[in-house]
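Colleague: Quick one, model04.pdb (PDB, C-alpha atoms):
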ATOM      1  CA  MET A 843      16.134  24.839 -10.363
ATOM      2  CA  PHE A 844      18.299  27.811 -11.318
ATOM      3  CA  THR A 845      21.072  29.781  -9.657
ATOM      4  CA  GLY A 846      20.436  33.335 -10.833
ATOM      5  CA  LEU A 847      23.709  33.431 -12.781
ATOM      6  CA  ILE A 848      22.753  34.619 -16.260
ATOM      7  CA  GLN A 849      24.362  32.556 -19.029
ATOM      8  CA  LYS A 850      23.342  34.548 -22.102
ATOM      9  CA  LYS A 851      21.339  37.504 -23.270
ATOM     10  CA  GLY A 852      18.689  36.963 -25.919
ATOM     11  CA  LYS A 853      16.201  38.991 -27.938
ATOM     12  CA  PHE A 854      12.470  38.722 -27.422
ATOM     13  CA  LYS A 855      10.823  38.298 -30.841
ATOM     14  CA  GLY A 856       7.167  38.170 -29.803
ATOM     15  CA  ILE A 857       4.232  36.046 -28.653
ATOM     16  CA  SER A 858       2.321  33.811 -31.045
ATOM     17  CA  GLN A 859      -0.670  31.509 -30.745
ATOM     18  CA  GLN A 860      -0.146  27.822 -31.463
ATOM     19  CA  ASN A 861      -2.583  24.956 -30.850
ATOM     20  CA  GLY A 862      -4.763  27.099 -28.614
ATOM     21  CA  GLY A 863      -1.900  28.300 -26.428
ATOM     22  CA  SER A 864       0.775  31.000 -26.361
ATOM     23  CA  CYS A 865       4.389  30.621 -27.391
ATOM     24  CA  ILE A 866       7.343  32.970 -27.066
ATOM     25  CA  ARG A 867      10.205  33.131 -29.533
ATOM     26  CA  ILE A 868      13.694  34.024 -28.306
ATOM     27  CA  GLU A 869      16.697  34.620 -30.544
ATOM     28  CA  CYS A 870      20.168  33.960 -29.128
ATOM     29  CA  ASP A 871      23.494  32.283 -29.774
ATOM     30  CA  THR A 872      23.358  28.514 -29.327
ATOM     31  CA  TRP A 873      25.002  26.573 -26.504
ATOM     32  CA  ILE A 874      27.522  24.817 -28.766
ATOM     33  CA  ASN A 875      28.862  22.333 -26.228
ATOM     34  CA  ASP A 876      25.531  21.639 -24.536
ATOM     35  CA  PRO A 877      22.725  21.153 -27.083
ATOM     36  CA  TYR A 878      19.123  21.935 -26.178
ATOM     37  CA  GLN A 879      16.831  19.127 -25.053
ATOM     38  CA  LEU A 880      13.159  19.352 -25.997
ATOM     39  CA  GLY A 881      11.070  19.771 -22.856
ATOM     40  CA  GLU A 882      13.905  21.198 -20.769
ATOM     41  CA  SER A 883      13.392  24.186 -18.504
ATOM     42  CA  ILE A 884      14.919  27.542 -19.318
ATOM     43  CA  ALA A 885      14.490  30.811 -17.435
ATOM     44  CA  VAL A 886      13.608  33.841 -19.570
ATOM     45  CA  ASP A 887      13.985  37.011 -17.484
ATOM     46  CA  GLY A 888      13.649  34.774 -14.431
ATOM     47  CA  VAL A 889      10.510  32.961 -15.610
ATOM     48  CA  CYS A 890      10.823  29.160 -15.806
ATOM     49  CA  LEU A 891       9.466  28.033 -19.191
ATOM     50  CA  THR A 892       9.461  24.802 -21.208
ATOM     51  CA  LEU A 893      11.398  24.594 -24.465
ATOM     52  CA  VAL A 894       9.251  23.204 -27.296
ATOM     53  CA  SER A 895      11.474  23.822 -30.353
ATOM     54  CA  HIS A 896      14.855  25.237 -31.298
ATOM     55  CA  ASP A 897      17.152  25.980 -34.217
ATOM     56  CA  THR A 898      20.496  27.646 -34.843
ATOM     57  CA  HIS A 899      18.997  31.100 -34.251
ATOM     58  CA  GLY A 900      17.160  30.525 -30.981
ATOM     59  CA  PHE A 901      14.257  28.680 -29.400
ATOM     60  CA  THR A 902      10.533  28.714 -28.673
ATOM     61  CA  VAL A 903       8.889  28.150 -25.279
ATOM     62  CA  ASP A 904       5.294  27.615 -24.211
ATOM     63  CA  VAL A 905       3.824  30.147 -21.799
ATOM     64  CA  LEU A 906       0.655  29.962 -19.711
ATOM     65  CA  LYS A 907      -1.952  32.716 -19.518
ATOM     66  CA  GLU A 908      -1.319  33.069 -15.775
ATOM     67  CA  THR A 909       2.405  33.525 -16.421
ATOM     68  CA  LEU A 910       1.679  36.346 -18.862
ATOM     69  CA  GLU A 911      -0.559  37.992 -16.258
ATOM     70  CA  VAL A 912       1.902  37.746 -13.353
ATOM     71  CA  THR A 913       5.186  38.565 -15.112
ATOM     72  CA  THR A 914       6.570  41.177 -17.497
ATOM     73  CA  LEU A 915       6.595  38.840 -20.521
ATOM     74  CA  ALA A 916       3.348  40.141 -22.032
ATOM     75  CA  LYS A 917       4.673  43.715 -21.807
ATOM     76  CA  LEU A 918       7.939  43.103 -23.657
ATOM     77  CA  LYS A 919       8.431  44.747 -27.028
ATOM     78  CA  ALA A 920       9.964  42.944 -29.996
ATOM     79  CA  GLY A 921      13.733  43.242 -29.808
ATOM     80  CA  ALA A 922      13.834  43.642 -26.028
ATOM     81  CA  CYS A 923      16.862  42.146 -24.289
ATOM     82  CA  VAL A 924      16.100  39.205 -21.990
ATOM     83  CA  ASN A 925      18.218  37.223 -19.538
ATOM     84  CA  LEU A 926      18.621  33.498 -20.152
ATOM     85  CA  GLU A 927      19.611  30.657 -17.843
ATOM     86  CA  ARG A 928      19.140  26.953 -18.442
ATOM     87  CA  ALA A 929      18.190  24.723 -15.528
ATOM     88  CA  MET A 930      21.099  23.779 -13.276
ATOM     89  CA  ARG A 931      22.771  20.422 -13.811
ATOM     90  CA  ALA A 932      23.159  18.147 -10.783
ATOM     91  CA  ASP A 933      26.963  18.120 -11.144
ATOM     92  CA  ALA A 934      27.328  21.860 -11.732
ATOM     93  CA  ARG A 935      28.816  24.458  -9.400
ATOM     94  CA  PHE A 936      26.245  26.358  -7.364
ATOM     95  CA  GLY A 937      27.323  29.975  -7.675
ATOM     96  CA  GLY A 938      24.223  32.075  -6.948
ATOM     97  CA  HIS A 939      21.227  31.261  -4.746
ATOM     98  CA  ILE A 940      18.226  28.937  -5.076
ATOM     99  CA  VAL A 941      16.042  30.346  -7.852
ATOM    100  CA  GLN A 942      12.927  28.412  -8.834
ATOM    101  CA  GLY A 943      11.815  30.503 -11.762
ATOM    102  CA  HIS A 944       8.443  30.983 -10.048
ATOM    103  CA  VAL A 945       8.047  34.753 -10.153
ATOM    104  CA  ASP A 946       6.225  36.249  -7.148
ATOM    105  CA  GLY A 947       5.240  39.389  -9.002
ATOM    106  CA  THR A 948       6.693  42.515 -10.518
ATOM    107  CA  GLY A 949       8.285  45.703  -9.259
ATOM    108  CA  THR A 950       8.919  49.138 -10.738
ATOM    109  CA  ILE A 951      12.340  50.793 -10.912
ATOM    110  CA  THR A 952      12.052  54.153  -9.139
ATOM    111  CA  SER A 953      15.662  55.322  -9.214
ATOM    112  CA  ILE A 954      19.024  54.464 -10.752
ATOM    113  CA  THR A 955      21.930  56.130  -8.943
ATOM    114  CA  PRO A 956      25.656  55.962  -9.755
ATOM    115  CA  ALA A 957      27.798  54.765  -6.838
ATOM    116  CA  GLY A 958      31.406  54.987  -7.948
ATOM    117  CA  ARG A 959      31.912  52.351 -10.644
ATOM    118  CA  ASP A 960      28.647  50.652  -9.614
ATOM    119  CA  ILE A 961      25.006  51.733  -9.605
ATOM    120  CA  THR A 962      22.231  51.434  -7.050
ATOM    121  CA  ILE A 963      18.784  50.497  -8.286
ATOM    122  CA  ARG A 964      15.700  51.148  -6.165
ATOM    123  CA  ILE A 965      12.566  49.115  -6.829
ATOM    124  CA  LYS A 966       9.013  49.596  -5.596
ATOM    125  CA  ALA A 967       7.017  46.424  -4.878
ATOM    126  CA  ASN A 968       3.802  45.432  -3.156
ATOM    127  CA  GLU A 969       3.537  44.661   0.549
ATOM    128  CA  GLN A 970       3.329  40.896   0.107
ATOM    129  CA  ILE A 971       6.585  40.716  -1.828
ATOM    130  CA  LEU A 972       8.369  43.122   0.526
ATOM    131  CA  SER A 973       7.320  41.043   3.553
ATOM    132  CA  GLN A 974       9.427  38.216   2.131
ATOM    133  CA  ILE A 975      12.510  40.323   1.405
ATOM    134  CA  VAL A 976      15.303  40.246   3.987
ATOM    135  CA  TYR A 977      18.064  42.834   4.395
ATOM    136  CA  LYS A 978      21.304  41.311   3.056
ATOM    137  CA  GLY A 979      19.267  38.386   1.763
ATOM    138  CA  SER A 980      18.975  37.220  -1.826
ATOM    139  CA  ILE A 981      16.478  38.235  -4.486
ATOM    140  CA  ALA A 982      16.180  37.450  -8.196
ATOM    141  CA  ILE A 983      15.479  40.459 -10.434
ATOM    142  CA  ASN A 984      14.690  39.365 -13.995
ATOM    143  CA  GLY A 985      16.393  36.114 -13.039
ATOM    144  CA  ILE A 986      19.597  37.756 -11.727
ATOM    145  CA  SER A 987      20.792  36.670  -8.282
ATOM    146  CA  LEU A 988      21.343  39.861  -6.258
ATOM    147  CA  THR A 989      21.754  40.912  -2.635
ATOM    148  CA  VAL A 990      19.292  43.255  -0.933
ATOM    149  CA  ALA A 991      21.273  46.337   0.113
ATOM    150  CA  LYS A 992      18.494  48.339   1.791
ATOM    151  CA  LEU A 993      14.804  48.235   2.687
ATOM    152  CA  ILE A 994      12.909  51.542   2.578
ATOM    153  CA  ASN A 995       9.672  52.118   4.555
ATOM    154  CA  ASN A 996       8.151  48.756   3.607
ATOM    155  CA  THR A 997       7.543  50.090   0.091
ATOM    156  CA  GLU A 998      10.879  49.832  -1.719
ATOM    157  CA  PHE A 999      14.227  48.071  -1.651
ATOM    158  CA  GLU A1000      17.650  48.649  -3.179
ATOM    159  CA  VAL A1001      20.277  46.488  -4.835
ATOM    160  CA  CYS A1002      23.803  47.391  -5.913
ATOM    161  CA  ILE A1003      24.904  46.400  -9.414
ATOM    162  CA  ILE A1004      28.523  45.892 -10.464
ATOM    163  CA  PRO A1005      29.754  46.688 -14.011
ATOM    164  CA  THR A1006      29.920  42.997 -14.996
ATOM    165  CA  THR A1007      26.226  42.536 -14.223
ATOM    166  CA  LEU A1008      25.348  45.697 -16.137
ATOM    167  CA  ARG A1009      27.293  44.447 -19.145
ATOM    168  CA  ASP A1010      26.188  40.810 -19.161
ATOM    169  CA  THR A1011      22.492  41.180 -18.286
ATOM    170  CA  SER A1012      19.502  43.248 -19.341
ATOM    171  CA  LEU A1013      19.809  45.546 -16.296
ATOM    172  CA  GLY A1014      22.222  47.737 -18.230
ATOM    173  CA  GLU A1015      19.335  48.703 -20.522
ATOM    174  CA  LYS A1016      16.732  49.380 -17.847
ATOM    175  CA  ARG A1017      15.409  52.855 -17.104
ATOM    176  CA  ILE A1018      13.345  54.502 -14.360
ATOM    177  CA  GLY A1019       9.738  53.354 -14.680
ATOM    178  CA  ASP A1020      10.605  49.964 -16.193
ATOM    179  CA  ILE A1021       8.928  46.903 -14.695
ATOM    180  CA  VAL A1022      10.971  43.861 -13.612
ATOM    181  CA  ASN A1023      10.198  40.323 -12.457
ATOM    182  CA  LEU A1024      10.831  39.583  -8.783
ATOM    183  CA  GLU A1025      11.371  36.242  -7.069
ATOM    184  CA  THR A1026      12.099  36.376  -3.359
ATOM    185  CA  ASP A1027      14.474  33.974  -1.617
ATOM    186  CA  VAL A1028      12.604  30.698  -1.133
ATOM    187  CA  LEU A1029      14.169  30.263   2.328
ATOM    188  CA  ALA A1030      12.923  33.691   3.442
ATOM    189  CA  ARG A1031       9.514  32.848   1.967
ATOM    190  CA  TYR A1032       9.215  29.651   3.995
ATOM    191  CA  ALA A1033      10.441  31.402   7.143
ATOM    192  CA  THR A1034       7.760  34.083   6.716
ATOM    193  CA  GLN A1035       5.073  31.462   6.201
ATOM    194  CA  GLN A1036       6.223  29.496   9.252
ATOM    195  CA  SER A1037       6.174  32.633  11.386
ATOM    196  CA  THR A1038       2.640  33.464  10.215
ATOM    197  CA  GLU A1039       1.434  29.942  10.967
ATOM    198  CA  ASN A1040       2.968  30.042  14.449
ATOM    199  CA  LYS A1041       1.214  33.341  15.207
ATOM    200  CA  SER A1042      -2.034  31.840  13.958
ATOM    201  CA  ASP A1043      -1.632  28.828  16.251
ATOM    202  CA  GLU A1044      -0.925  31.074  19.237
ATOM    203  CA  SER A1045      -4.097  33.041  18.615
ATOM    204  CA  LYS A1046      -6.137  29.843  18.990
ATOM    205  CA  ILE A1047      -5.043  29.284  22.614
ATOM    206  CA  THR A1048      -7.953  30.266  24.878
ATOM    207  CA  LEU A1049      -8.780  29.906  28.589
ATOM    208  CA  GLU A1050     -11.373  27.277  27.718
ATOM    209  CA  LEU A1051      -8.822  25.273  25.755
ATOM    210  CA  LEU A1052      -6.373  25.348  28.674
ATOM    211  CA  GLN A1053      -9.069  24.286  31.150
ATOM    212  CA  ASN A1054     -10.109  21.396  28.954
ATOM    213  CA  ALA A1055      -6.469  20.331  28.793
ATOM    214  CA  GLY A1056      -6.335  20.059  32.600
ATOM    215  CA  PHE A1057      -4.858  23.405  33.590
ATOM    216  CA  LYS A1058      -6.345  24.979  36.752
ATOM    217  CA  ILE A1059      -7.138  28.619  36.038
TER     218      ILE A1059
END
Represent the structure contained in this file as structure tokens.
Modeller:
Amino acid sequence: MFTGLIQKKGKFKGISQQNGGSCIRIECDTWINDPYQLGESIAVDGVCLTLVSHDTHGFTVDVLKETLEVTTLAKLKAGACVNLERAMRADARFGGHIVQGHVDGTGTITSITPAGRDITIRIKANEQILSQIVYKGSIAINGISLTVAKLINNTEFEVCIIPTTLRDTSLGEKRIGDIVNLETDVLARYATQQSTENKSDESKITLELLQNAGFKI
């Protein structure tokens, strides 16, 4: 599990094929006081991946074909900035929101608007993702825990970005037309699913069912 609080920025070096599968190489400063553990989970632009090797210049993670198809990872160019967060420790402070690293899909940045010292970013996403986004709820964009500021016509949503987030994450380098990974709030996702299931159950109530249950109609 992750919190959506980015710990470092890294550089995407490319995708290679090893032992019949795909691997991604990331270059970054090491965590001096908290060494890597082989097999640990680390989120790269919000995508939970498994660390398979590391050195003083960075690390390598395995990546599934499905992950490459669903996320932005296959579209990254060598040298691209990526957000990094290692899995949360059980005794650590929980500062963001529950982020699983299971990306729901991608969205496209449609506008970037200055708002005083901050900026507002508008993102277009598909209907399924938007149905799970709640006004003032949480969303992870490239792994960054953010608050939904506005929903627009069931096609787009907005988030407000403070200068610290622009400086310490990859969002400061994004432009209109760029694609980002989206993970909706898991609590909103479950609530949406529960609501859908309840509506489905209601639709199954018929006159015949009530009569068979002993109701006089």
Colleague: The PyMOL selection byres ((chain A and resi 1023) around 9) - which residues does that actually catch in the file I just gave you? List them as a VMD selection string.
Modeller: chain A and resid 887 to 889 912 to 915 945 to 949 982 to 985 1021 to 1022 1024 to 1025
Colleague: Find the nearest atom pair between each residue of region 927-1036 of chain A and region 871-886 of chain A for residues within 6 Å, count only C-alpha atoms, give distances in Å to one decimal, sort rows by chain and ascending number, and present the table as CSV.
Modeller:
residue,atom,partner,partner_atom,distance
A:Glu927,CA,A:Ala885,CA,5.1
A:Arg928,CA,A:Ile884,CA,4.4
A:Ala929,CA,A:Ser883,CA,5.7
Colleague: Measuring between only C-alpha atoms, which one of A:Ser864, A:Thr952, A:Gln849, A:Gln859 shows the shortest distance to Leu910 (chain A)?
Modeller: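 With only C-alpha atoms as the atom set, the closest residue is A:Ser864.
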Colleague: Evaluated on this file, the PyMOL selection byres ((chain A and resi 858) around 12) picks out some residues - which ones are they, written as an mmCIF file with C-alpha atoms, in the frame of the given file?
Modeller:
data_model
loop_
_atom_site.group_PDB
_atom_site.id
_atom_site.type_symbol
_atom_site.label_atom_id
_atom_site.label_comp_id
_atom_site.auth_asym_id
_atom_site.auth_seq_id
_atom_site.Cartn_x
_atom_site.Cartn_y
_atom_site.Cartn_z
ATOM 1 C CA PHE A 854 12.470 38.722 -27.422
ATOM 2 C CA LYS A 855 10.823 38.298 -30.841
ATOM 3 C CA GLY A 856 7.167 38.170 -29.803
ATOM 4 C CA ILE A 857 4.232 36.046 -28.653
ATOM 5 C CA GLN A 859 -0.670 31.509 -30.745
ATOM 6 C CA GLN A 860 -0.146 27.822 -31.463
ATOM 7 C CA ASN A 861 -2.583 24.956 -30.850
ATOM 8 C CA GLY A 862 -4.763 27.099 -28.614
ATOM 9 C CA GLY A 863 -1.900 28.300 -26.428
ATOM 10 C CA SER A 864 0.775 31.000 -26.361
ATOM 11 C CA CYS A 865 4.389 30.621 -27.391
ATOM 12 C CA ILE A 866 7.343 32.970 -27.066
ATOM 13 C CA ARG A 867 10.205 33.131 -29.533
ATOM 14 C CA ILE A 868 13.694 34.024 -28.306
ATOM 15 C CA THR A 902 10.533 28.714 -28.673
ATOM 16 C CA VAL A 903 8.889 28.150 -25.279
ATOM 17 C CA ASP A 904 5.294 27.615 -24.211
ATOM 18 C CA VAL A 905 3.824 30.147 -21.799
ATOM 19 C CA ALA A 916 3.348 40.141 -22.032
ATOM 20 C CA ALA A 920 9.964 42.944 -29.996
#
Colleague: Pick from A:Arg964, A:Lys978, A:Lys917, A:His944: nearest to Arg1017 (chain A), with all atoms listed in the file counted?
Modeller: A:Arg964
Colleague: Suppose you want the space between CA of Lys919 (chain A) and CA of Gly846 (chain A); what is it in Å?
Modeller: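 A separation of 23.2 Å between them.
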Colleague: Env of Asp1027 (chain A): 7 Å cut, atoms = all atoms listed in the file, seq-sep filter 2 positions within chain, self excluded. Answer as a list in words.
Modeller: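 In the requested format, the answer is Ser980, Ile981, Glu1025, Leu1029, Ala1030 and Arg1031 of chain A.
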Colleague: How about saving the chosen residues, C-alpha atoms kept, as an mmCIF file, in the coordinates of the input?
Modeller:
data_model
loop_
_atom_site.group_PDB
_atom_site.id
_atom_site.type_symbol
_atom_site.label_atom_id
_atom_site.label_comp_id
_atom_site.auth_asym_id
_atom_site.auth_seq_id
_atom_site.Cartn_x
_atom_site.Cartn_y
_atom_site.Cartn_z
ATOM 1 C CA SER A 980 18.975 37.220 -1.826
ATOM 2 C CA ILE A 981 16.478 38.235 -4.486
ATOM 3 C CA GLU A 1025 11.371 36.242 -7.069
ATOM 4 C CA LEU A 1029 14.169 30.263 2.328
ATOM 5 C CA ALA A 1030 12.923 33.691 3.442
ATOM 6 C CA ARG A 1031 9.514 32.848 1.967
#
